[in-house]
$ cat coords_17.txt   # compact mmCIF, C-alpha atoms
# COMPACT_ATOMS: atom_id res chain seq x y z
CA MET A 24 -27.00 54.99 60.49
CA GLN A 25 -28.20 58.41 59.34
CA ALA A 26 -31.47 58.54 57.36
CA LEU A 27 -33.87 61.22 56.16
CA ARG A 28 -37.41 60.45 57.27
CA TRP A 29 -40.73 62.03 56.24
CA HIS A 30 -42.89 62.85 59.25
CA ASN A 31 -45.34 65.29 57.68
CA VAL A 32 -45.63 68.12 55.15
CA LYS A 33 -42.46 70.27 55.32
CA ASP A 34 -41.31 68.03 58.17
CA LEU A 35 -38.31 65.98 57.06
CA ARG A 36 -35.85 64.93 59.75
CA LEU A 37 -32.34 63.54 59.53
CA GLU A 38 -32.36 60.89 62.22
CA THR A 39 -30.26 58.02 63.53
CA ILE A 40 -31.95 54.68 62.94
CA GLU A 41 -30.87 51.03 62.96
CA GLU A 42 -29.02 49.69 59.92
CA PRO A 43 -31.05 47.20 57.85
CA ALA A 44 -29.98 43.55 57.71
CA ALA A 45 -29.66 41.31 54.68
CA LEU A 46 -32.41 38.90 55.64
CA GLU A 47 -33.34 35.87 53.55
CA GLY A 48 -33.71 36.78 49.88
CA LYS A 49 -32.36 40.28 50.40
CA VAL A 50 -29.12 42.13 49.70
CA LYS A 51 -27.72 44.97 51.77
CA ILE A 52 -26.59 47.92 49.65
CA LYS A 53 -24.22 50.71 50.64
CA ILE A 54 -25.69 53.84 49.04
CA GLU A 55 -23.46 55.87 46.75
CA TRP A 56 -25.88 58.43 45.29
CA CYS A 57 -29.61 59.09 45.54
CA GLY A 58 -31.54 61.58 43.44
CA ILE A 59 -34.31 63.87 44.66
CA CYS A 60 -37.39 62.98 42.62
CA GLY A 61 -40.36 65.16 41.73
CA SER A 62 -42.47 62.71 43.74
CA ASP A 63 -40.27 63.38 46.77
CA LEU A 64 -40.82 67.09 46.27
CA HIS A 65 -44.60 66.59 46.02
CA GLU A 66 -44.52 64.67 49.31
CA TYR A 67 -42.49 67.46 50.91
CA VAL A 68 -44.84 70.30 49.94
CA ALA A 69 -48.23 68.60 49.58
CA GLY A 70 -48.05 65.05 50.98
CA PRO A 71 -48.93 62.46 51.90
CA ILE A 72 -49.56 61.21 48.38
CA PHE A 73 -47.84 57.82 48.23
CA ILE A 74 -46.62 57.83 51.84
CA PRO A 75 -48.93 55.88 54.20
CA GLN A 76 -49.99 57.99 57.16
CA GLY A 77 -52.11 56.70 60.03
CA THR A 78 -52.57 53.24 58.49
CA ASP A 79 -49.85 50.72 57.69
CA HIS A 80 -49.08 50.12 54.02
CA PRO A 81 -50.55 46.71 53.07
CA LEU A 82 -47.28 45.38 51.64
CA THR A 83 -44.61 46.92 53.85
CA GLY A 84 -46.56 47.09 57.10
CA GLU A 85 -45.08 50.56 57.64
CA LYS A 86 -46.46 54.07 57.95
CA ALA A 87 -44.96 57.51 58.49
CA PRO A 88 -42.33 58.30 59.53
CA VAL A 89 -40.60 56.54 56.63
CA VAL A 90 -37.16 56.86 55.06
CA MET A 91 -37.30 58.69 51.72
CA GLY A 92 -35.38 58.22 48.48
CA HIS A 93 -36.01 55.80 45.60
CA GLU A 94 -33.57 56.88 42.86
CA PHE A 95 -30.34 55.37 44.08
CA SER A 96 -27.25 53.38 43.23
CA GLY A 97 -24.77 51.55 45.42
CA GLN A 98 -22.65 48.51 46.10
CA ILE A 99 -23.73 45.24 47.69
CA VAL A 100 -21.98 44.72 51.03
CA GLU A 101 -23.92 41.69 52.28
CA VAL A 102 -26.14 38.98 50.77
CA GLY A 103 -28.85 37.12 52.63
CA GLN A 104 -29.58 33.42 52.63
CA GLY A 105 -31.08 32.19 49.37
CA VAL A 106 -29.65 35.01 47.24
CA SER A 107 -28.24 33.47 44.07
CA LYS A 108 -27.94 36.27 41.53
CA PHE A 109 -25.68 38.69 43.40
CA ASN A 110 -22.39 38.82 45.25
CA VAL A 111 -20.70 41.21 47.63
CA GLY A 112 -19.09 43.95 45.58
CA ASP A 113 -21.69 44.04 42.80
CA ARG A 114 -22.58 47.54 41.60
CA VAL A 115 -26.36 47.85 41.51
CA VAL A 116 -29.51 49.92 41.27
CA VAL A 117 -32.91 49.07 42.71
CA GLU A 118 -36.28 49.01 40.93
CA PRO A 119 -38.24 50.27 43.94
CA VAL A 120 -41.73 48.88 43.22
CA PHE A 121 -43.62 46.84 45.80
CA ALA A 122 -46.35 44.66 44.26
CA CYS A 123 -48.56 41.96 45.75
CA GLY A 124 -48.16 39.45 42.90
CA GLU A 125 -51.77 38.32 43.28
CA CYS A 126 -54.14 41.04 42.03
CA VAL A 127 -55.49 41.32 38.47
CA ALA A 128 -52.75 43.74 37.41
CA CYS A 129 -49.98 41.57 38.84
CA ARG A 130 -51.39 38.47 37.19
CA GLN A 131 -51.24 40.34 33.87
CA GLY A 132 -47.62 41.29 34.49
CA LYS A 133 -48.53 44.95 35.03
CA TYR A 134 -47.00 45.09 38.49
CA ASN A 135 -46.71 48.88 38.45
CA LEU A 136 -50.53 48.96 38.48
CA CYS A 137 -50.82 46.65 41.49
CA GLU A 138 -53.84 47.39 43.67
CA LYS A 139 -51.52 47.63 46.68
CA MET A 140 -48.54 49.12 44.84
CA GLY A 141 -46.00 51.12 46.77
CA PHE A 142 -42.49 52.47 46.29
CA LEU A 143 -39.47 51.69 48.41
CA GLY A 144 -38.48 55.09 49.78
CA LEU A 145 -42.09 56.26 49.99
CA ALA A 146 -44.15 53.36 51.34
CA GLY A 147 -41.49 51.98 53.67
CA GLY A 148 -38.79 49.38 53.23
CA GLY A 149 -36.01 51.89 53.79
CA GLY A 150 -34.84 54.47 51.29
CA GLY A 151 -31.92 55.94 49.42
CA PHE A 152 -31.55 59.01 51.62
CA SER A 153 -29.63 56.88 54.09
CA GLU A 154 -26.38 54.97 54.36
CA TYR A 155 -27.74 51.48 53.64
CA VAL A 156 -30.79 49.79 52.13
CA ALA A 157 -31.82 46.13 52.21
CA ALA A 158 -33.81 45.14 49.12
CA ASP A 159 -35.36 41.94 47.78
CA GLN A 160 -33.09 40.42 45.14
CA HIS A 161 -35.83 40.54 42.47
CA MET A 162 -35.81 44.36 42.72
CA VAL A 163 -32.06 44.66 42.10
CA HIS A 164 -30.27 45.20 38.78
CA LYS A 165 -26.53 45.14 38.16
CA ILE A 166 -24.91 48.08 36.39
CA PRO A 167 -21.74 47.64 34.29
CA ASP A 168 -18.39 49.09 35.29
CA SER A 169 -18.66 51.48 32.35
CA LEU A 170 -21.47 53.39 34.13
CA SER A 171 -20.70 55.64 37.09
CA TYR A 172 -22.71 55.48 40.29
CA GLU A 173 -24.01 58.95 39.41
CA GLN A 174 -25.30 57.55 36.13
CA GLY A 175 -26.80 54.64 38.04
CA ALA A 176 -28.83 57.03 40.19
CA LEU A 177 -30.54 58.22 36.99
CA VAL A 178 -31.76 54.75 35.96
CA GLU A 179 -35.00 54.99 37.96
CA PRO A 180 -36.19 58.39 36.65
CA SER A 181 -35.01 57.47 33.15
CA ALA A 182 -37.18 54.35 33.40
CA VAL A 183 -40.23 56.58 33.91
CA ALA A 184 -39.38 58.48 30.72
CA LEU A 185 -38.67 55.38 28.66
CA HIS A 186 -41.84 53.65 29.87
CA ALA A 187 -43.84 56.73 28.88
CA VAL A 188 -42.43 56.72 25.35
CA ARG A 189 -42.63 52.94 24.93
CA SER A 190 -46.26 53.00 26.11
CA SER A 191 -47.16 55.62 23.50
CA GLN A 192 -48.04 55.11 19.83
CA LEU A 193 -44.89 56.99 18.71
CA LYS A 194 -43.15 55.51 15.66
CA VAL A 195 -39.74 56.20 14.17
CA GLY A 196 -39.87 59.51 12.30
CA ASP A 197 -42.86 60.88 14.27
CA LYS A 198 -43.11 64.33 15.83
CA ALA A 199 -43.58 64.87 19.55
CA VAL A 200 -43.90 67.69 22.05
CA VAL A 201 -42.86 67.64 25.71
CA PHE A 202 -44.62 70.06 28.02
CA GLY A 203 -42.22 70.83 30.85
CA ALA A 204 -38.42 70.55 30.83
CA GLY A 205 -37.94 69.54 34.42
CA PRO A 206 -35.95 66.38 35.23
CA ILE A 207 -38.49 63.91 33.84
CA GLY A 208 -39.30 66.11 30.84
CA LEU A 209 -35.62 66.25 29.90
CA LEU A 210 -35.36 62.48 30.26
CA VAL A 211 -38.41 62.11 28.00
CA ILE A 212 -36.47 64.08 25.36
CA GLU A 213 -33.68 61.50 25.64
CA ALA A 214 -36.16 58.62 25.43
CA LEU A 215 -37.74 60.17 22.33
CA LYS A 216 -34.32 60.52 20.70
CA ALA A 217 -33.58 56.87 21.44
CA SER A 218 -36.97 55.91 19.97
CA GLY A 219 -36.38 57.69 16.68
CA ALA A 220 -38.54 60.81 16.98
CA ALA A 221 -37.80 63.15 14.04
CA GLU A 222 -38.81 66.40 15.75
CA ILE A 223 -39.05 67.00 19.50
CA TYR A 224 -40.69 70.26 20.57
CA VAL A 225 -40.38 71.41 24.17
CA VAL A 226 -42.62 73.93 25.93
CA GLU A 227 -40.92 75.57 28.91
CA LEU A 228 -40.84 78.95 30.69
CA SER A 229 -37.58 78.71 32.64
CA GLU A 230 -34.58 80.15 30.80
CA GLU A 231 -32.22 77.62 32.38
CA ARG A 232 -34.42 74.66 31.54
CA LYS A 233 -35.00 75.92 28.00
CA SER A 234 -31.25 76.02 27.54
CA LYS A 235 -30.90 72.48 28.88
CA ALA A 236 -33.67 71.23 26.57
CA GLU A 237 -31.93 72.80 23.58
CA GLU A 238 -28.63 71.23 24.64
CA LEU A 239 -30.33 67.83 24.49
CA GLY A 240 -31.73 68.51 21.03
CA GLY A 241 -35.21 69.84 21.77
CA ILE A 242 -36.89 72.59 19.71
CA VAL A 243 -37.99 75.03 22.40
CA ILE A 244 -41.23 77.02 22.24
CA ASP A 245 -41.53 79.76 24.86
CA PRO A 246 -45.17 80.20 26.02
CA LYS A 247 -44.39 83.84 26.84
CA GLN A 248 -43.67 84.51 23.17
CA TYR A 249 -46.15 82.27 21.38
CA ASP A 250 -49.64 80.88 21.52
CA VAL A 251 -48.26 77.39 22.13
CA VAL A 252 -51.01 75.38 20.46
CA GLU A 253 -51.16 77.65 17.44
CA GLU A 254 -47.37 77.59 17.02
CA ILE A 255 -47.11 73.80 17.30
CA GLN A 256 -49.99 73.29 14.87
CA LYS A 257 -48.31 75.68 12.40
CA ARG A 258 -44.83 74.14 12.65
CA THR A 259 -46.08 70.56 12.34
CA ASP A 260 -48.83 71.07 9.73
CA GLY A 261 -51.68 70.06 11.99
CA GLY A 262 -50.16 68.89 15.25
CA VAL A 263 -47.68 66.42 16.69
CA ASP A 264 -48.19 62.67 16.77
CA VAL A 265 -47.74 62.46 20.54
CA ALA A 266 -47.74 65.08 23.31
CA PHE A 267 -46.21 64.35 26.71
CA GLU A 268 -47.59 66.31 29.66
CA VAL A 269 -44.88 66.51 32.32
CA THR A 270 -45.81 69.59 34.37
CA GLY A 271 -48.78 68.56 36.50
CA VAL A 272 -50.32 72.00 35.80
CA PRO A 273 -54.03 71.70 34.84
CA PRO A 274 -54.17 74.35 32.03
CA VAL A 275 -51.12 72.75 30.39
CA LEU A 276 -53.03 69.49 29.96
CA THR A 277 -55.50 71.35 27.74
CA GLN A 278 -52.62 72.71 25.67
CA ALA A 279 -51.15 69.23 25.34
CA ILE A 280 -54.47 67.85 24.09
CA ASN A 281 -54.94 70.59 21.53
CA SER A 282 -51.36 70.38 20.24
CA THR A 283 -51.84 66.91 18.78
CA LYS A 284 -52.96 66.00 15.27
CA LEU A 285 -56.11 64.14 14.28
CA SER A 286 -56.04 60.79 16.10
CA GLY A 287 -52.97 61.98 17.99
CA GLN A 288 -52.11 60.86 21.50
CA ILE A 289 -51.59 62.65 24.79
CA MET A 290 -49.46 60.90 27.42
CA ILE A 291 -49.96 62.13 30.99
CA VAL A 292 -46.70 61.51 32.85
CA SER A 293 -47.26 63.93 35.75
CA ILE A 294 -48.76 63.41 39.16
CA PHE A 295 -51.39 66.14 39.61
CA GLU A 296 -51.90 67.78 43.00
CA LYS A 297 -55.22 69.28 41.84
CA ASP A 298 -57.99 68.14 39.50
CA ALA A 299 -57.71 69.24 35.89
CA THR A 300 -60.73 70.31 33.83
CA ILE A 301 -60.77 69.21 30.20
CA THR A 302 -63.25 69.57 27.34
CA PRO A 303 -64.14 66.04 26.17
CA ASN A 304 -65.14 67.27 22.72
CA ASN A 305 -61.52 68.30 22.08
CA ILE A 306 -60.76 64.59 22.31
CA VAL A 307 -63.91 63.15 20.75
CA LEU A 308 -64.15 65.39 17.68
CA LYS A 309 -60.51 64.81 16.77
CA GLU A 310 -60.46 61.10 17.72
CA ARG A 311 -57.51 61.75 20.03
CA ASN A 312 -56.25 59.26 22.60
CA LEU A 313 -55.59 60.26 26.21
CA THR A 314 -53.31 57.90 28.14
CA GLY A 315 -51.74 57.97 31.59
CA ILE A 316 -48.68 56.13 32.86
CA ILE A 317 -47.38 55.50 36.35
CA GLY A 318 -43.82 54.50 37.06
CA TYR A 319 -42.50 51.72 34.82
CA ARG A 320 -42.32 47.98 34.35
CA ASP A 321 -39.83 45.65 32.70
CA VAL A 322 -37.71 48.54 31.45
CA PHE A 323 -34.64 48.85 33.72
CA PRO A 324 -32.42 46.58 31.57
CA ALA A 325 -33.28 48.65 28.47
CA VAL A 326 -32.46 51.89 30.28
CA ILE A 327 -29.09 50.54 31.42
CA SER A 328 -28.33 49.39 27.87
CA LEU A 329 -29.22 52.81 26.43
CA MET A 330 -27.04 54.49 29.03
CA GLU A 331 -24.12 52.40 27.82
CA GLN A 332 -24.78 53.96 24.39
CA GLY A 333 -24.69 57.49 25.81
CA TYR A 334 -28.36 58.28 26.39
CA PHE A 335 -29.62 59.96 29.61
CA PRO A 336 -26.15 61.48 30.28
CA ALA A 337 -25.50 62.32 33.92
CA GLU A 338 -22.93 64.96 32.99
CA LYS A 339 -25.66 67.01 31.30
CA LEU A 340 -28.50 66.32 33.72
CA VAL A 341 -26.95 66.43 37.20
CA THR A 342 -26.70 70.06 38.29
CA LYS A 343 -25.82 69.71 41.97
CA ARG A 344 -24.24 67.19 44.32
CA ILE A 345 -24.76 67.48 48.07
CA LYS A 346 -24.29 65.61 51.34
CA LEU A 347 -27.11 63.95 53.26
CA ASN A 348 -26.93 66.58 56.00
CA GLU A 349 -27.58 69.27 53.36
CA VAL A 350 -30.57 67.58 51.75
CA ILE A 351 -33.32 69.88 53.07
CA ASP A 352 -31.82 73.36 52.61
CA HIS A 353 -29.62 72.66 49.59
CA GLY A 354 -31.78 69.92 48.08
CA PHE A 355 -35.54 70.15 48.54
CA GLU A 356 -35.63 73.90 49.13
CA ALA A 357 -33.21 74.52 46.29
CA LEU A 358 -35.48 72.67 43.86
CA LEU A 359 -38.38 74.86 44.97
CA LYS A 360 -36.47 78.12 44.59
CA GLU A 361 -33.84 77.57 41.90
CA LYS A 362 -35.24 76.87 38.43
CA ASN A 363 -31.73 76.21 37.12
CA GLN A 364 -31.64 72.93 39.04
CA VAL A 365 -32.40 69.75 37.11
CA LYS A 366 -31.26 66.70 39.05
CA ILE A 367 -29.75 66.99 42.52
CA LEU A 368 -27.87 63.95 43.79
CA VAL A 369 -27.33 63.24 47.47
CA SER A 370 -24.43 61.29 48.99
CA PRO A 371 -24.58 59.79 52.51
CA LYS A 372 -20.78 59.96 52.75
CA GLN A 373 -19.50 62.47 55.28

$ encode --input "coords_17.txt" --output "structure tokens"
Amino acid sequence: MQALRWHNVKDLRLETIEEPAALEGKVKIKIEWCGICGSDLHEYVAGPIFIPQGTDHPLTGEKAPVVMGHEFSGQIVEVGQGVSKFNVGDRVVVEPVFACGECVACRQGKYNLCEKMGFLGLAGGGGGFSEYVAADQHMVHKIPDSLSYEQGALVEPSAVALHAVRSSQLKVGDKAVVFGAGPIGLLVIEALKASGAAEIYVVELSEERKSKAEELGGIVIDPKQYDVVEEIQKRTDGGVDVAFEVTGVPPVLTQAINSTKLSGQIMIVSIFEKDATITPNNIVLKERNLTGIIGYRDVFPAVISLMEQGYFPAEKLVTKRIKLNEVIDHGFEALLKEKNQVKILVSPKQ
């Protein structure tokens, strides 16, 4: 089968590899759509971050080159021995988290914080930028017929957004700000709407992304026109309840901190490529809370349910659909050069 494999920075190769088998406890999935994630883009331009290079990953036993892609949907075409929850023909998505099940985090049920944690599509185990994936049945979730496969490919990134909001102290009627209206930032807007936020401010430079944020109901503040912190403090009478940092840009983290009210909260959703300098007194003297999240846990069913109600709409968030053989030039490179792109979906079908 055809698969996109990461070999090194700016070195992705579409190669022919062996199809995976539905071994015991696994299901074989024919990929319909796979989204290009911000994490994939980070690996492309600045990796390895999550991809094991030189040393095998402790859970998958694999190292680069590895097949990429972890935001995907598809149909089960084969079930392995011992699989009881799924049948051939089921429409599914995969929660692509590898966890050891034995460390302190796993014993507490916080499997996304596993000491050996890895992602299918980054740490090995196959990936969605291919024709087939074989996944352990515990990682698989059915999607209803009412959701398209395109919508299914948004479950994984939407889970990041919903986990970020559910992990925050946000209450119904609270005010929030989202720094960055890229794919995850836009999904955070949707998660905030679903969670009952009364006002959702969005800080973004890109004209196209500002327009998309407004379409989803965000109140956009352009940092070229305003002192962002001053404007948010003025409009909210002292700051928002929760700020979500979704840019990975160090100076923006400072803005996010200073945009919150007394005892407000800052949620760091981004993966940072460089260290960020902060002033601790901006947190201490205002009794603010600074929290980070990684990935998600126990949230896929909730995301799927919210999608059935119309949240995280693919028709508003997917801006481009391409073939697997176009994924580098029209996918990864497009996301680097074209700020009007939000979510690009890739199909392995020829």

$ atom_distance --input "coords_17.txt" --atom1 "CA of Glu38 in chain A" --atom2 "CA of Ser153 in chain A"
9.5 Å

$ closest_residue --input "coords_17.txt" --among "A:Val201, A:Val292, A:Leu308, A:Leu228" --to "Val263 in chain A" --atoms "only C-alpha atoms"
A:Val201

$ residues_around --input "coords_17.txt" --residues "Ser328 in chain A" --least-positions-apart "5" --cutoff "10 Å" --atoms "all atoms listed in the file" --output "PDB file with C-alpha atoms, in the coordinates of the input"
ATOM      1  CA  ILE A 166     -24.910  48.080  36.390  1.00  0.00           C
ATOM      2  CA  PRO A 167     -21.740  47.640  34.290  1.00  0.00           C
ATOM      3  CA  PHE A 323     -34.640  48.850  33.720  1.00  0.00           C
ATOM      4  CA  GLY A 333     -24.690  57.490  25.810  1.00  0.00           C
ATOM      5  CA  TYR A 334     -28.360  58.280  26.390  1.00  0.00           C
TER       6      TYR A 334
END

$ closest_residue --input "coords_17.txt" --among "A:Lys139, A:Arg114, A:Lys284, A:Lys233" --to "His164 in chain A" --atoms "all atoms listed in the file"
A:Arg114

$ residues_around --input "coords_17.txt" --residues "Tyr67 in chain A" --least-positions-apart "4" --cutoff "7 Å" --atoms "all atoms listed in the file" --output "PyMOL selection string"
chain A and resi 32-33+63

$ closest_residue --input "coords_17.txt" --among "A:Gly124, A:Gly141, A:Gly205, A:Gly132" --to "Asp321 in chain A" --atoms "only C-alpha atoms"
A:Gly132

$ atom_distance --input "coords_17.txt" --atom1 "CA of Ile99 in chain A" --atom2 "CA of Gly149 in chain A"
15.2 Å

$ build_atoms --input "coords_17.txt" --residues "range 56-77 of chain A" --atoms "N, CA, C and O atoms" --output "PDB file, in the coordinates of the input"
ATOM      1  N   TRP A  56     -25.163  57.206  45.628  1.00  0.00           N
ATOM      2  CA  TRP A  56     -25.880  58.430  45.290  1.00  0.00           C
ATOM      3  C   TRP A  56     -27.380  58.161  45.252  1.00  0.00           C
ATOM      4  O   TRP A  56     -27.814  57.083  44.859  1.00  0.00           O
ATOM      5  N   CYS A  57     -28.152  59.175  45.634  1.00  0.00           N
ATOM      6  CA  CYS A  57     -29.610  59.090  45.540  1.00  0.00           C
ATOM      7  C   CYS A  57     -30.137  60.426  45.025  1.00  0.00           C
ATOM      8  O   CYS A  57     -29.769  61.486  45.530  1.00  0.00           O
ATOM      9  N   GLY A  58     -30.982  60.367  44.005  1.00  0.00           N
ATOM     10  CA  GLY A  58     -31.540  61.580  43.440  1.00  0.00           C
ATOM     11  C   GLY A  58     -32.817  62.014  44.138  1.00  0.00           C
ATOM     12  O   GLY A  58     -33.566  61.197  44.667  1.00  0.00           O
ATOM     13  N   ILE A  59     -33.050  63.329  44.140  1.00  0.00           N
ATOM     14  CA  ILE A  59     -34.310  63.870  44.660  1.00  0.00           C
ATOM     15  C   ILE A  59     -35.301  63.873  43.501  1.00  0.00           C
ATOM     16  O   ILE A  59     -35.088  64.515  42.479  1.00  0.00           O
ATOM     17  N   CYS A  60     -36.388  63.145  43.668  1.00  0.00           N
ATOM     18  CA  CYS A  60     -37.390  62.980  42.620  1.00  0.00           C
ATOM     19  C   CYS A  60     -38.500  64.023  42.772  1.00  0.00           C
ATOM     20  O   CYS A  60     -38.741  64.548  43.867  1.00  0.00           O
ATOM     21  N   GLY A  61     -39.190  64.284  41.663  1.00  0.00           N
ATOM     22  CA  GLY A  61     -40.360  65.160  41.730  1.00  0.00           C
ATOM     23  C   GLY A  61     -41.403  64.632  42.688  1.00  0.00           C
ATOM     24  O   GLY A  61     -42.094  65.409  43.367  1.00  0.00           O
ATOM     25  N   SER A  62     -41.521  63.303  42.780  1.00  0.00           N
ATOM     26  CA  SER A  62     -42.470  62.710  43.740  1.00  0.00           C
ATOM     27  C   SER A  62     -42.063  63.021  45.176  1.00  0.00           C
ATOM     28  O   SER A  62     -42.916  63.283  46.029  1.00  0.00           O
ATOM     29  N   ASP A  63     -40.752  63.003  45.441  1.00  0.00           N
ATOM     30  CA  ASP A  63     -40.270  63.380  46.770  1.00  0.00           C
ATOM     31  C   ASP A  63     -40.659  64.816  47.089  1.00  0.00           C
ATOM     32  O   ASP A  63     -41.078  65.143  48.203  1.00  0.00           O
ATOM     33  N   LEU A  64     -40.506  65.680  46.085  1.00  0.00           N
ATOM     34  CA  LEU A  64     -40.820  67.090  46.270  1.00  0.00           C
ATOM     35  C   LEU A  64     -42.312  67.281  46.525  1.00  0.00           C
ATOM     36  O   LEU A  64     -42.712  68.088  47.380  1.00  0.00           O
ATOM     37  N   HIS A  65     -43.149  66.532  45.786  1.00  0.00           N
ATOM     38  CA  HIS A  65     -44.600  66.590  46.020  1.00  0.00           C
ATOM     39  C   HIS A  65     -44.926  66.178  47.461  1.00  0.00           C
ATOM     40  O   HIS A  65     -45.767  66.802  48.122  1.00  0.00           O
ATOM     41  N   GLU A  66     -44.270  65.126  47.935  1.00  0.00           N
ATOM     42  CA  GLU A  66     -44.520  64.670  49.310  1.00  0.00           C
ATOM     43  C   GLU A  66     -44.091  65.741  50.323  1.00  0.00           C
ATOM     44  O   GLU A  66     -44.734  65.931  51.353  1.00  0.00           O
ATOM     45  N   TYR A  67     -43.023  66.429  50.008  1.00  0.00           N
ATOM     46  CA  TYR A  67     -42.490  67.460  50.910  1.00  0.00           C
ATOM     47  C   TYR A  67     -43.450  68.640  51.034  1.00  0.00           C
ATOM     48  O   TYR A  67     -43.694  69.132  52.138  1.00  0.00           O
ATOM     49  N   VAL A  68     -44.019  69.083  49.908  1.00  0.00           N
ATOM     50  CA  VAL A  68     -44.840  70.300  49.940  1.00  0.00           C
ATOM     51  C   VAL A  68     -46.340  70.035  50.031  1.00  0.00           C
ATOM     52  O   VAL A  68     -47.089  70.914  50.452  1.00  0.00           O
ATOM     53  N   ALA A  69     -46.783  68.826  49.660  1.00  0.00           N
ATOM     54  CA  ALA A  69     -48.230  68.600  49.580  1.00  0.00           C
ATOM     55  C   ALA A  69     -48.648  67.199  50.022  1.00  0.00           C
ATOM     56  O   ALA A  69     -49.795  66.808  49.807  1.00  0.00           O
ATOM     57  N   GLY A  70     -47.739  66.427  50.625  1.00  0.00           N
ATOM     58  CA  GLY A  70     -48.050  65.050  50.980  1.00  0.00           C
ATOM     59  C   GLY A  70     -48.999  64.932  52.165  1.00  0.00           C
ATOM     60  O   GLY A  70     -49.392  65.937  52.761  1.00  0.00           O
ATOM     61  N   PRO A  71     -49.384  63.712  52.518  1.00  0.00           N
ATOM     62  CA  PRO A  71     -48.930  62.460  51.900  1.00  0.00           C
ATOM     63  C   PRO A  71     -49.701  62.135  50.618  1.00  0.00           C
ATOM     64  O   PRO A  71     -50.903  62.336  50.545  1.00  0.00           O
ATOM     65  N   ILE A  72     -48.954  61.666  49.623  1.00  0.00           N
ATOM     66  CA  ILE A  72     -49.560  61.210  48.380  1.00  0.00           C
ATOM     67  C   ILE A  72     -49.382  59.694  48.274  1.00  0.00           C
ATOM     68  O   ILE A  72     -50.352  58.945  48.260  1.00  0.00           O
ATOM     69  N   PHE A  73     -48.127  59.253  48.233  1.00  0.00           N
ATOM     70  CA  PHE A  73     -47.840  57.820  48.230  1.00  0.00           C
ATOM     71  C   PHE A  73     -47.440  57.317  49.627  1.00  0.00           C
ATOM     72  O   PHE A  73     -47.435  56.121  49.878  1.00  0.00           O
ATOM     73  N   ILE A  74     -47.076  58.228  50.506  1.00  0.00           N
ATOM     74  CA  ILE A  74     -46.620  57.830  51.840  1.00  0.00           C
ATOM     75  C   ILE A  74     -47.816  57.463  52.713  1.00  0.00           C
ATOM     76  O   ILE A  74     -48.768  58.241  52.832  1.00  0.00           O
ATOM     77  N   PRO A  75     -47.818  56.270  53.326  1.00  0.00           N
ATOM     78  CA  PRO A  75     -48.930  55.880  54.200  1.00  0.00           C
ATOM     79  C   PRO A  75     -48.863  56.627  55.528  1.00  0.00           C
ATOM     80  O   PRO A  75     -47.814  56.675  56.168  1.00  0.00           O
ATOM     81  N   GLN A  76     -49.947  57.238  55.901  1.00  0.00           N
ATOM     82  CA  GLN A  76     -49.990  57.990  57.160  1.00  0.00           C
ATOM     83  C   GLN A  76     -51.217  57.551  57.949  1.00  0.00           C
ATOM     84  O   GLN A  76     -52.335  57.552  57.444  1.00  0.00           O
ATOM     85  N   GLY A  77     -50.998  57.134  59.177  1.00  0.00           N
ATOM     86  CA  GLY A  77     -52.110  56.700  60.030  1.00  0.00           C
ATOM     87  C   GLY A  77     -52.402  55.219  59.935  1.00  0.00           C
ATOM     88  O   GLY A  77     -52.711  54.571  60.928  1.00  0.00           O
TER      89      GLY A  77
END
